[in-house]
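Trainee: To be precise about what I am sending: the file is called coords27.tsv and holds TSV, C-alpha atoms.
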```tsv
chain	number	residue	atom	x	y	z
A	1	MET	CA	-8.92	20.56	-4.22
A	2	ILE	CA	-9.82	18.99	-0.87
A	3	LYS	CA	-12.79	21.37	-0.58
A	4	ARG	CA	-13.98	20.50	-4.09
A	5	ILE	CA	-13.82	16.81	-3.22
A	6	ALA	CA	-15.71	17.45	0.02
A	7	THR	CA	-18.42	19.19	-2.00
A	8	VAL	CA	-18.77	16.16	-4.30
A	9	LEU	CA	-18.99	13.82	-1.31
A	10	LYS	CA	-21.81	15.94	0.11
A	11	ARG	CA	-23.66	16.27	-3.17
A	12	TYR	CA	-23.77	12.68	-4.42
A	13	GLN	CA	-25.27	9.63	-2.74
A	14	SER	CA	-23.40	6.52	-3.88
A	15	PHE	CA	-19.68	5.76	-4.02
A	16	LEU	CA	-17.39	2.95	-5.15
A	17	ILE	CA	-14.01	2.96	-3.38
A	18	THR	CA	-10.98	1.01	-4.59
A	19	SER	CA	-7.19	0.96	-4.37
A	20	HIS	CA	-4.15	-0.82	-5.76
A	21	ILE	CA	-3.49	-4.52	-6.21
A	22	ASN	CA	-1.77	-6.30	-3.32
A	23	PRO	CA	-3.16	-3.80	-0.76
A	24	ASP	CA	-1.03	-2.61	2.15
A	25	GLY	CA	-1.89	-1.02	5.50
A	26	ASP	CA	-2.40	2.47	4.10
A	27	SER	CA	-4.59	1.18	1.30
A	28	ILE	CA	-6.77	-0.95	3.60
A	29	GLY	CA	-7.01	1.57	6.44
A	30	SER	CA	-7.78	4.51	4.15
A	31	GLN	CA	-10.46	2.70	2.16
A	32	ILE	CA	-12.37	1.51	5.21
A	33	ALA	CA	-11.98	4.87	6.98
A	34	LEU	CA	-13.36	6.77	3.99
A	35	ALA	CA	-16.22	4.30	3.67
A	36	LEU	CA	-17.15	4.76	7.34
A	37	ILE	CA	-16.99	8.55	6.95
A	38	LEU	CA	-19.36	8.35	3.98
A	39	LYS	CA	-21.69	6.06	5.91
A	40	LYS	CA	-21.77	8.63	8.71
A	41	MET	CA	-22.97	11.03	6.02
A	42	LYS	CA	-25.78	8.56	5.16
A	43	LYS	CA	-24.24	7.62	1.80
A	44	LYS	CA	-24.27	4.28	-0.01
A	45	VAL	CA	-20.76	2.83	-0.22
A	46	ALA	CA	-19.00	-0.26	-1.58
A	47	ILE	CA	-15.30	-1.16	-1.50
A	48	ILE	CA	-13.98	-3.48	-4.21
A	49	ASN	CA	-10.34	-4.48	-4.73
A	50	GLU	CA	-8.73	-7.04	-6.96
A	51	ASN	CA	-7.06	-8.79	-4.03
A	52	PRO	CA	-8.48	-9.70	-0.60
A	53	VAL	CA	-7.40	-8.15	2.67
A	54	PRO	CA	-4.05	-9.64	3.78
A	55	ARG	CA	-4.18	-11.72	6.94
A	56	ILE	CA	-2.24	-9.22	9.06
A	57	TYR	CA	-4.81	-6.50	8.39
A	58	GLN	CA	-7.91	-8.55	9.04
A	59	PHE	CA	-7.90	-7.33	12.65
A	60	LEU	CA	-8.92	-3.86	11.45
A	61	PRO	CA	-12.52	-2.86	12.17
A	62	HIS	CA	-14.91	-3.60	9.29
A	63	SER	CA	-12.22	-5.29	7.19
A	64	ASN	CA	-15.00	-7.52	5.87
A	65	MET	CA	-16.41	-4.47	4.03
A	66	ILE	CA	-13.79	-5.00	1.33
A	67	ALA	CA	-14.99	-7.26	-1.47
A	68	THR	CA	-12.90	-8.55	-4.36
A	69	SER	CA	-13.51	-8.14	-8.08
A	70	SER	CA	-14.49	-11.82	-8.16
A	71	ALA	CA	-17.39	-11.06	-5.78
A	72	SER	CA	-20.94	-12.12	-6.47
A	73	GLY	CA	-22.67	-10.65	-9.50
A	74	GLY	CA	-25.18	-8.94	-7.20
A	75	LEU	CA	-22.57	-6.66	-5.67
A	76	LEU	CA	-21.03	-5.78	-9.00
A	77	ALA	CA	-24.44	-5.13	-10.53
A	78	MET	CA	-25.33	-2.83	-7.65
A	79	THR	CA	-22.28	-0.63	-8.20
A	80	GLN	CA	-23.16	-0.08	-11.85
A	81	ASN	CA	-25.73	2.46	-10.67
A	82	PHE	CA	-23.31	4.22	-8.34
A	83	GLN	CA	-22.42	7.81	-9.10
A	84	VAL	CA	-18.82	8.39	-8.01
A	85	ALA	CA	-15.67	6.24	-8.07
A	86	ILE	CA	-12.84	7.04	-5.65
A	87	VAL	CA	-9.36	5.62	-6.21
A	88	LEU	CA	-6.97	5.77	-3.26
A	89	ASP	CA	-3.20	5.35	-3.09
A	90	CYS	CA	-2.62	4.71	-6.81
A	91	GLY	CA	0.00	6.50	-8.90
A	92	ASN	CA	-1.84	5.47	-12.07
A	93	LEU	CA	-5.22	3.95	-12.85
A	94	GLU	CA	-3.75	0.64	-14.03
A	95	ARG	CA	-2.67	-0.06	-10.44
A	96	VAL	CA	-6.25	-0.99	-9.51
A	97	GLY	CA	-5.97	-4.13	-11.62
A	98	LYS	CA	-9.19	-5.80	-12.76
A	99	VAL	CA	-11.37	-3.22	-10.98
A	100	ILE	CA	-10.52	-0.81	-13.80
A	101	SER	CA	-13.36	-2.36	-15.83
A	102	LEU	CA	-15.83	-1.09	-13.21
A	103	ILE	CA	-14.25	2.33	-12.80
A	104	SER	CA	-14.24	3.07	-16.52
A	105	LYS	CA	-18.05	3.32	-16.42
A	106	PHE	CA	-18.09	6.20	-13.93
A	107	LYS	CA	-18.41	9.79	-15.13
A	108	ILE	CA	-16.96	11.15	-11.87
A	109	LEU	CA	-13.58	9.77	-10.78
A	110	ILE	CA	-11.80	11.10	-7.71
A	111	ASN	CA	-8.08	10.39	-7.37
A	112	ILE	CA	-6.61	10.77	-3.86
A	113	ASP	CA	-2.92	9.98	-3.57
A	114	HIS	CA	0.43	11.11	-2.19
A	115	HIS	CA	2.88	9.56	-4.67
A	116	SER	CA	5.11	12.03	-6.52
A	117	ASP	CA	4.70	10.18	-9.83
A	118	ASN	CA	0.88	10.28	-9.86
A	119	THR	CA	-0.48	10.68	-13.41
A	120	LYS	CA	-3.57	12.64	-12.27
A	121	PHE	CA	-5.98	10.33	-14.03
A	122	GLY	CA	-9.15	11.51	-12.30
A	123	ASN	CA	-11.70	14.24	-12.90
A	124	LEU	CA	-10.69	15.51	-9.48
A	125	ASN	CA	-7.08	14.92	-8.44
A	126	TRP	CA	-5.90	15.54	-4.90
A	127	VAL	CA	-2.24	14.57	-4.96
A	128	ASP	CA	-0.43	15.74	-1.83
A	129	LYS	CA	3.25	14.82	-2.17
A	130	LYS	CA	3.98	16.12	1.34
A	131	ALA	CA	1.48	13.78	2.99
A	132	SER	CA	2.99	10.75	4.71
A	133	SER	CA	0.15	8.56	3.51
A	134	VAL	CA	-3.34	8.58	2.08
A	135	ALA	CA	-4.55	7.90	5.62
A	136	GLU	CA	-3.21	11.34	6.55
A	137	GLN	CA	-5.19	12.83	3.66
A	138	ILE	CA	-8.37	11.08	4.79
A	139	PHE	CA	-7.80	12.53	8.27
A	140	SER	CA	-7.67	16.02	6.72
A	141	LEU	CA	-10.80	15.27	4.71
A	142	SER	CA	-12.66	14.22	7.87
A	143	ARG	CA	-11.84	17.63	9.35
A	144	ILE	CA	-13.21	19.46	6.31
A	145	LEU	CA	-16.37	17.33	6.45
A	146	LYS	CA	-16.60	17.89	10.23
A	147	ILE	CA	-16.78	14.17	10.96
A	148	SER	CA	-15.77	13.35	14.53
A	149	LEU	CA	-13.27	10.52	14.91
A	150	ASN	CA	-14.14	7.50	17.02
A	151	LYS	CA	-11.86	4.62	18.02
A	152	GLU	CA	-12.56	2.69	14.80
A	153	LEU	CA	-11.60	5.57	12.53
A	154	ALA	CA	-8.58	6.42	14.68
A	155	THR	CA	-7.36	2.81	14.52
A	156	LEU	CA	-7.74	2.63	10.74
A	157	LEU	CA	-5.96	5.94	10.10
A	158	TYR	CA	-3.18	5.27	12.62
A	159	THR	CA	-2.50	1.90	10.97
A	160	GLY	CA	-2.37	3.52	7.54
A	161	ILE	CA	0.14	6.15	8.63
A	162	ALA	CA	2.27	3.78	10.71
A	163	THR	CA	2.66	1.15	8.00
A	164	ASP	CA	3.30	3.62	5.17
A	165	THR	CA	6.06	5.36	7.11
A	166	GLY	CA	7.92	2.22	8.13
A	167	SER	CA	6.76	2.65	11.73
A	168	PHE	CA	7.66	6.36	11.55
A	169	GLN	CA	11.23	5.70	10.33
A	170	TYR	CA	10.96	7.82	7.18
A	171	HIS	CA	11.15	11.61	6.97
A	172	LEU	CA	7.98	13.07	8.45
A	173	LEU	CA	6.69	16.59	8.86
A	174	PRO	CA	5.68	17.80	12.33
A	175	THR	CA	2.05	17.83	11.18
A	176	THR	CA	2.10	14.04	10.82
A	177	HIS	CA	3.17	13.59	14.44
A	178	LYS	CA	0.41	15.98	15.52
A	179	ILE	CA	-2.13	13.90	13.61
A	180	ILE	CA	-0.82	10.75	15.30
A	181	ALA	CA	-1.25	12.41	18.71
A	182	THR	CA	-4.84	13.26	17.80
A	183	LEU	CA	-5.56	9.69	16.66
A	184	ILE	CA	-4.22	8.29	19.93
A	185	SER	CA	-6.38	10.73	21.86
A	186	ARG	CA	-9.38	9.47	19.85
A	187	GLY	CA	-8.78	5.86	20.81
A	188	ALA	CA	-6.04	4.36	18.64
A	189	VAL	CA	-3.88	2.05	20.76
A	190	PRO	CA	-0.35	1.90	19.25
A	191	GLU	CA	0.75	-1.22	21.13
A	192	GLU	CA	-2.32	-3.19	20.03
A	193	ILE	CA	-1.87	-2.16	16.40
A	194	ALA	CA	1.85	-3.00	16.51
A	195	GLU	CA	1.06	-6.38	18.05
A	196	ASN	CA	-1.25	-7.25	15.14
A	197	VAL	CA	0.86	-5.81	12.31
A	198	TYR	CA	4.45	-6.48	13.40
A	199	HIS	CA	4.25	-9.36	15.89
A	200	ASN	CA	2.10	-11.66	13.86
A	201	LEU	CA	4.51	-13.97	12.05
A	202	SER	CA	3.53	-17.60	11.64
A	203	PHE	CA	5.95	-20.46	12.22
A	204	ASN	CA	5.90	-21.25	8.48
A	205	SER	CA	6.73	-17.65	7.68
A	206	LEU	CA	9.87	-17.82	9.82
A	207	LYS	CA	10.87	-21.11	8.17
A	208	LEU	CA	10.49	-19.37	4.81
A	209	PHE	CA	12.62	-16.47	6.00
A	210	GLY	CA	15.34	-18.91	7.03
A	211	LEU	CA	15.49	-20.38	3.52
A	212	ALA	CA	15.45	-16.94	1.94
A	213	LEU	CA	18.17	-15.67	4.26
A	214	ALA	CA	20.46	-18.43	2.99
A	215	THR	CA	20.37	-16.68	-0.42
A	216	LEU	CA	21.41	-13.29	1.00
A	217	LYS	CA	24.05	-11.53	-1.12
A	218	GLU	CA	25.79	-8.19	-1.06
A	219	SER	CA	27.62	-5.80	-3.31
A	220	ARG	CA	29.58	-3.90	-0.73
A	221	ALA	CA	31.00	-1.53	-3.32
A	222	HIS	CA	27.46	-0.43	-4.18
A	223	GLN	CA	26.06	-0.77	-0.64
A	224	VAL	CA	23.39	-3.17	-1.88
A	225	CYS	CA	22.00	-6.33	-0.25
A	226	TRP	CA	19.38	-8.66	-1.64
A	227	MET	CA	17.84	-12.10	-1.33
A	228	LYS	CA	15.57	-14.40	-3.33
A	229	ILE	CA	12.40	-16.33	-2.55
A	230	THR	CA	11.45	-19.11	-4.95
A	231	LYS	CA	8.22	-21.03	-5.46
A	232	GLU	CA	10.03	-24.12	-4.21
A	233	MET	CA	10.63	-22.35	-0.88
A	234	TYR	CA	6.93	-21.55	-0.55
A	235	GLN	CA	6.05	-25.19	-1.22
A	236	LYS	CA	8.66	-26.54	1.18
A	237	THR	CA	7.48	-24.33	4.07
A	238	LYS	CA	3.76	-24.38	3.17
A	239	SER	CA	3.76	-20.59	3.01
A	240	SER	CA	2.79	-17.89	0.49
A	241	VAL	CA	3.86	-14.49	-0.85
A	242	GLU	CA	1.75	-12.88	1.87
A	243	ASP	CA	4.10	-14.37	4.48
A	244	THR	CA	6.97	-12.24	3.13
A	245	ASP	CA	5.48	-8.84	3.99
A	246	SER	CA	7.77	-8.18	6.96
A	247	PHE	CA	10.99	-9.57	5.47
A	248	SER	CA	12.14	-6.18	4.18
A	249	ASP	CA	12.03	-4.83	7.74
A	250	PHE	CA	14.64	-7.40	8.75
A	251	LEU	CA	16.95	-6.51	5.87
A	252	GLN	CA	16.84	-2.83	6.75
A	253	GLN	CA	18.81	-3.67	9.88
A	254	ILE	CA	21.94	-4.40	7.78
A	255	LYS	CA	24.12	-1.38	8.50
A	256	GLU	CA	26.36	-1.73	5.42
A	257	ALA	CA	23.45	-1.53	2.97
A	258	LYS	CA	21.80	1.61	1.66
A	259	ILE	CA	19.64	-0.24	-0.90
A	260	LEU	CA	17.93	-3.57	-0.24
A	261	PHE	CA	15.66	-5.65	-2.40
A	262	ILE	CA	13.87	-8.97	-2.30
A	263	LEU	CA	13.09	-10.99	-5.42
A	264	LYS	CA	9.93	-13.07	-5.15
A	265	GLU	CA	9.23	-15.72	-7.78
A	266	ILE	CA	5.59	-15.55	-8.86
A	267	SER	CA	5.87	-17.88	-11.84
A	268	LYS	CA	8.48	-19.15	-14.30
A	269	ASN	CA	8.37	-15.84	-16.19
A	270	LYS	CA	7.30	-13.35	-13.53
A	271	THR	CA	9.18	-11.94	-10.53
A	272	LYS	CA	8.03	-9.41	-7.99
A	273	VAL	CA	10.65	-7.08	-6.48
A	274	SER	CA	10.37	-5.17	-3.20
A	275	PHE	CA	12.83	-2.32	-2.69
A	276	ARG	CA	13.89	-0.53	0.50
A	277	SER	CA	16.44	2.21	1.05
A	278	ILE	CA	18.05	4.18	3.82
A	279	GLY	CA	18.17	7.98	3.98
A	280	LYS	CA	17.79	10.06	0.84
A	281	ILE	CA	18.23	7.26	-1.69
A	282	ASP	CA	15.04	7.16	-3.79
A	283	VAL	CA	14.22	3.57	-4.76
A	284	GLN	CA	10.93	4.70	-6.27
A	285	LYS	CA	12.94	5.92	-9.26
A	286	ILE	CA	14.40	2.46	-9.72
A	287	ALA	CA	11.01	0.76	-9.40
A	288	LYS	CA	9.54	3.19	-11.92
A	289	LYS	CA	11.96	1.93	-14.58
A	290	PHE	CA	10.13	-1.39	-14.40
A	291	GLY	CA	6.59	-0.01	-14.34
A	292	GLY	CA	6.38	0.00	-10.56
A	293	GLY	CA	6.25	2.75	-7.99
A	294	GLY	CA	5.92	3.55	-4.33
A	295	HIS	CA	7.81	5.87	-2.02
A	296	ARG	CA	11.35	7.18	-1.72
A	297	ASN	CA	12.34	4.55	0.85
A	298	ALA	CA	9.91	1.77	-0.07
A	299	ALA	CA	8.80	0.72	-3.55
A	300	GLY	CA	7.99	-2.28	-5.67
A	301	ALA	CA	7.73	-3.55	-9.23
A	302	SER	CA	7.12	-6.69	-11.27
A	303	LEU	CA	9.29	-8.05	-14.07
A	304	ASN	CA	8.13	-10.45	-16.74
A	305	GLU	CA	11.30	-12.46	-16.27
A	306	GLY	CA	12.44	-15.51	-14.36
A	307	ILE	CA	13.94	-14.83	-10.95
A	308	GLU	CA	17.58	-15.42	-12.00
A	309	LYS	CA	17.38	-13.05	-14.97
A	310	ALA	CA	15.41	-10.53	-12.92
A	311	GLU	CA	18.24	-10.52	-10.37
A	312	LYS	CA	20.79	-9.56	-13.03
A	313	ILE	CA	18.52	-6.90	-14.54
A	314	ILE	CA	17.82	-5.24	-11.17
A	315	LEU	CA	21.48	-5.22	-10.16
A	316	LYS	CA	22.50	-3.67	-13.48
A	317	ALA	CA	19.80	-1.00	-13.12
A	318	ILE	CA	20.94	-0.12	-9.61
A	319	LYS	CA	24.58	0.18	-10.67
A	320	ILE	CA	23.66	2.42	-13.62
A	321	TRP	CA	21.35	4.52	-11.48
A	322	MET	CA	24.08	4.99	-8.88
A	323	GLY	CA	26.53	5.95	-11.62
A	324	CYS	CA	28.80	3.00	-11.13
```
Can you present the structure in this file as structure tokens?
Mentor:
Amino acid sequence: MIKRIATVLKRYQSFLITSHINPDGDSIGSQIALALILKKMKKKVAIINENPVPRIYQFLPHSNMIATSSASGGLLAMTQNFQVAIVLDCGNLERVGKVISLISKFKILINIDHHSDNTKFGNLNWVDKKASSVAEQIFSLSRILKISLNKELATLLYTGIATDTGSFQYHLLPTTHKIIATLISRGAVPEEIAENVYHNLSFNSLKLFGLALATLKESRAHQVCWMKITKEMYQKTKSSVEDTDSFSDFLQQIKEAKILFILKEISKNKTKVSFRSIGKIDVQKIAKKFGGGGHRNAAGASLNEGIEKAEKIILKAIKIWMGC
């Protein structure tokens, strides 16, 4: 399939790239990297997402290439004449959010993903469940296309792999580590990327974490820990949902817990849930029950419920799933 996709990229001249709502490091890095590869091939490229680039990823080269679906009419009008749409890092097409209205007009849709629950919604579907990230897949694609990697591409792909593997904490094949070695040799600087991604908390973010930590609970019998973040906490600390991105990393340090989750109040009747797990416990299966998805050790979902009711629903689902 990778060769068929490479053939399409060579044949056509204009491409719209997109990815899932609330983009992460793999999503951002992969989109920009693919766009730069296509530009090296003298192609016309646009990247449009529903949500803007999160603050912690704005250090990435050419992050300003990513427009949002609320962009000017000129950009959206231009893409109507594009030939190929490419969706990255989405288990299903609905994950692109509002951009789906643009994609539906394309006759050629390429789906590149590594999630095991991918619905294969494209005309061409390259779903590699063994890949650590879509960034790893874009690296492989660059090899097929014979595109040499510079520092910018290496930085983008390294960031994608690092963030989607929990800083290399999850199970990885030897090939992934070999790719990382190649990216470093091409100019990626791990300490600089780590400084931007992991050592970039604002004072308000830490104040928010303090309030959230006060809600920390556990079910020792089920090896589960969780905490809640309410809209009132955001208001009190002058912070936002974006400031919570690294909170799960802190919870994973709790040695008694095998499953961790954070409930984030979006509105009175909507709650976002971020799951993390240790070892072979697959939280993606739990997230999928609520229309979400992700990876074995990191997943997410949204519930159309208030935060208190969402807490009870998630706990019940975990207990049932674990056979308790």
Trainee: Which polymer residues have any atom within 8 Å of an atom of stretch 34-36 of chain A, counting all atoms listed in the file, with same-chain residues fewer than 2 positions away left out, as a CSV table (one decimal) with C-alpha atoms, in the coordinates of the input?
Mentor:
```csv
chain,number,residue,atom,x,y,z
A,17,ILE,CA,-14.0,3.0,-3.4
A,30,SER,CA,-7.8,4.5,4.2
A,31,GLN,CA,-10.5,2.7,2.2
A,32,ILE,CA,-12.4,1.5,5.2
A,38,LEU,CA,-19.4,8.4,4.0
A,39,LYS,CA,-21.7,6.1,5.9
A,40,LYS,CA,-21.8,8.6,8.7
A,45,VAL,CA,-20.8,2.8,-0.2
A,46,ALA,CA,-19.0,-0.3,-1.6
A,47,ILE,CA,-15.3,-1.2,-1.5
A,138,ILE,CA,-8.4,11.1,4.8
A,153,LEU,CA,-11.6,5.6,12.5
```
Trainee: Determine, counting all atoms listed in the file, which protein, DNA and RNA residues have an atom within 6 Å of an atom of A:Asn118; residues of the same chain fewer than 3 positions away are not included. Present the result as an mmCIF file with C-alpha atoms, keeping the file's coordinate frame.
Mentor:
```
data_model
loop_
_atom_site.group_PDB
_atom_site.id
_atom_site.type_symbol
_atom_site.label_atom_id
_atom_site.label_comp_id
_atom_site.auth_asym_id
_atom_site.auth_seq_id
_atom_site.Cartn_x
_atom_site.Cartn_y
_atom_site.Cartn_z
ATOM 1 C CA GLY A 91 0.000 6.500 -8.900
ATOM 2 C CA ASN A 92 -1.840 5.470 -12.070
ATOM 3 C CA HIS A 115 2.880 9.560 -4.670
#
```
Trainee: How close does stretch 69-142 of chain A get to stretch 172-177 of chain A? List, as a Markdown table, each residue of stretch 69-142 of chain A within 9 Å, its nearest atom pair and the distance in Å to one decimal, counting only C-alpha atoms.
Mentor:
```
| residue | atom | partner | partner_atom | distance |
| --- | --- | --- | --- | --- |
| A:Lys130 | CA | A:Leu173 | CA | 8.0 |
| A:Ala131 | CA | A:Thr176 | CA | 7.9 |
| A:Ser132 | CA | A:Leu172 | CA | 6.7 |
| A:Glu136 | CA | A:Thr176 | CA | 7.3 |
```
Trainee: Might you pull out every residue within 6 Å of A:Lys228, with only C-alpha atoms counted and same-chain residues fewer than 5 positions away left off, and present them as a compact mmCIF listing (two decimals) with C-alpha atoms, in the frame of the given file?
Mentor:
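Wrote result23.txt, looks like this:
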```
# COMPACT_ATOMS: atom_id res chain seq x y z
CA ALA A 212 15.45 -16.94 1.94
CA ILE A 262 13.87 -8.97 -2.30
CA LEU A 263 13.09 -10.99 -5.42
```
Trainee: List the neighbours of stretch 179-190 of chain A out to 6 Å using all atoms listed in the file; skip same-chain residues closer than 5 positions along the sequence, and give me the result as a PDB file with C-alpha atoms, keeping the file's coordinate frame.
Mentor:
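Contents of selection-v7.pdb, freshly written:
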```
ATOM      1  CA  ASN A 150     -14.140   7.500  17.020  1.00  0.00           C
ATOM      2  CA  LYS A 151     -11.860   4.620  18.020  1.00  0.00           C
ATOM      3  CA  ALA A 154      -8.580   6.420  14.680  1.00  0.00           C
ATOM      4  CA  THR A 155      -7.360   2.810  14.520  1.00  0.00           C
TER       5      THR A 155
END
```
Trainee: Select from stretch 231-272 of chain A every residue with an atom at most 12 Å from any atom of stretch 312-319 of chain A, then for each give the shortest pair of atoms and their distance in Å to one decimal, using all atoms listed in the file, rows by chain and rising number, as a tab-separated table.
Mentor:
```
residue	atom	partner	partner_atom	distance
A:Lys258	CA	A:Ile318	CA	11.4
A:Ile259	CA	A:Ile318	CA	8.8
A:Leu260	CA	A:Ile318	CA	10.4
A:Phe261	CA	A:Ile314	CA	9.0
A:Ile262	CA	A:Ile314	CA	10.4
A:Leu263	CA	A:Ile314	CA	9.4
A:Thr271	CA	A:Ile314	CA	11.0
A:Lys272	CA	A:Ile314	CA	11.1
```
Trainee: List every residue of stretch 81-170 of chain A that has an atom at most 12 Å from any atom of stretch 229-251 of chain A, and for each one report the closest atom pair and its distance in Å to one decimal, counting only C-alpha atoms, with rows sorted by chain and then by increasing residue number, as a tab-separated table.
Mentor:
```
residue	atom	partner	partner_atom	distance
A:Thr163	CA	A:Ser246	CA	10.7
A:Thr165	CA	A:Asp249	CA	11.8
A:Gly166	CA	A:Asp249	CA	8.2
A:Ser167	CA	A:Asp249	CA	10.0
A:Gln169	CA	A:Asp249	CA	10.9
```
Trainee: With all atoms listed in the file as the basis for distance, which of A:Pro54, A:Gly293, A:Pro61, A:Gly210 is at the shortest distance from A:Ile193?
Mentor: A:Pro61
Trainee: Work out how far atom CA of A:Glu218 is from atom CA of A:Pro23, in Å to one decimal.
Mentor: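 According to the coordinates, atom CA of A:Pro23 and atom CA of A:Glu218 are separated by 29.3 Å.
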Trainee: Counting only C-alpha atoms, which of A:Val87, A:Ser116, A:Lys270, A:Ala135 gets nearest to A:Asp282?
Mentor: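 Closest residue, counting only C-alpha atoms: A:Ser116.
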Trainee: Taking into account only C-alpha atoms, which residue in the set A:Gly279, A:Gly292, A:Gly300, A:Gly29 is nearest to A:Leu157?
Mentor: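 When distances to A:Leu157 are compared using only C-alpha atoms, the smallest one comes from A:Gly29.
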Trainee: At what distance in Å, to one decimal, does atom CA of A:Lys42 lie from atom CA of A:Asp128?
Mentor: 27.3 Å
Trainee: Taking all atoms listed in the file into account, name the residue in A:Lys207, A:Lys285, A:Arg4, A:His199 that is nearest to A:Leu124.
Mentor: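 Among A:Lys207, A:Lys285, A:Arg4, A:His199, it is A:Arg4 that comes nearest to A:Leu124.
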Trainee: Just give me the gap between atom CA of A:Asn49 and atom CA of A:His62 in Å, one decimal is fine.
Mentor: 14.8 Å
Trainee: Pick out the closest residue to A:Ile108 from this set: A:Phe139, A:Phe290, A:Tyr12, A:Tyr158. Count all atoms listed in the file.
Mentor: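 Ranking A:Phe139, A:Phe290, A:Tyr12, A:Tyr158 by distance to A:Ile108, first place goes to A:Tyr12.
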Trainee: Enumerate, as a PyMOL selection string, the protein, DNA and RNA residues whose atoms approach (9.7, -16.9, -15.8) to within 6 Å, taking into account only C-alpha atoms and the coordinate frame of the file.
Mentor: chain A and resi 267-270+305-306
Trainee: I need stretch 204-244 of chain A from the structure I supplied, saved as a short mmCIF file (atom, residue, chain, number, x, y, z; two decimals), in the first residue's frame with C-alpha atoms retained.
Mentor:
```cif
data_model
loop_
_atom_site.label_atom_id
_atom_site.label_comp_id
_atom_site.auth_asym_id
_atom_site.auth_seq_id
_atom_site.Cartn_x
_atom_site.Cartn_y
_atom_site.Cartn_z
CA ASN A 204 -0.99 29.02 35.86
CA SER A 205 -0.81 25.46 34.62
CA LEU A 206 0.92 24.35 37.81
CA LYS A 207 -1.67 26.20 39.91
CA LEU A 208 -4.36 24.31 37.99
CA PHE A 209 -2.57 21.02 38.62
CA GLY A 210 -2.52 21.78 42.34
CA LEU A 211 -6.30 22.22 42.41
CA ALA A 212 -6.83 19.10 40.33
CA LEU A 213 -4.48 17.07 42.52
CA ALA A 214 -6.67 17.86 45.52
CA THR A 215 -9.43 15.80 43.84
CA LEU A 216 -7.20 12.73 43.35
CA LYS A 217 -8.94 9.46 44.23
CA GLU A 218 -8.09 5.80 44.07
CA SER A 219 -9.71 2.41 43.94
CA ARG A 220 -6.87 0.31 45.23
CA ALA A 221 -8.79 -2.91 44.69
CA HIS A 222 -9.00 -2.10 40.97
CA GLN A 223 -5.60 -0.38 40.75
CA VAL A 224 -7.23 2.79 39.40
CA CYS A 225 -6.46 6.44 40.15
CA TRP A 226 -8.23 9.48 38.78
CA MET A 227 -8.78 13.19 39.25
CA LYS A 228 -11.15 15.91 38.03
CA ILE A 229 -10.68 19.34 36.48
CA THR A 230 -13.69 21.65 36.51
CA LYS A 231 -14.45 24.85 34.63
CA GLU A 232 -14.28 26.68 37.95
CA MET A 233 -10.65 25.56 38.32
CA TYR A 234 -9.79 26.94 34.88
CA GLN A 235 -11.39 30.27 35.78
CA LYS A 236 -9.71 30.46 39.17
CA THR A 237 -6.22 29.84 37.74
CA LYS A 238 -6.78 31.69 34.43
CA SER A 239 -5.86 28.54 32.53
CA SER A 240 -7.41 26.34 29.82
CA VAL A 241 -7.82 22.70 28.76
CA GLU A 242 -4.59 23.04 26.79
CA ASP A 243 -2.71 23.52 30.08
CA THR A 244 -3.64 19.98 31.15
#
```
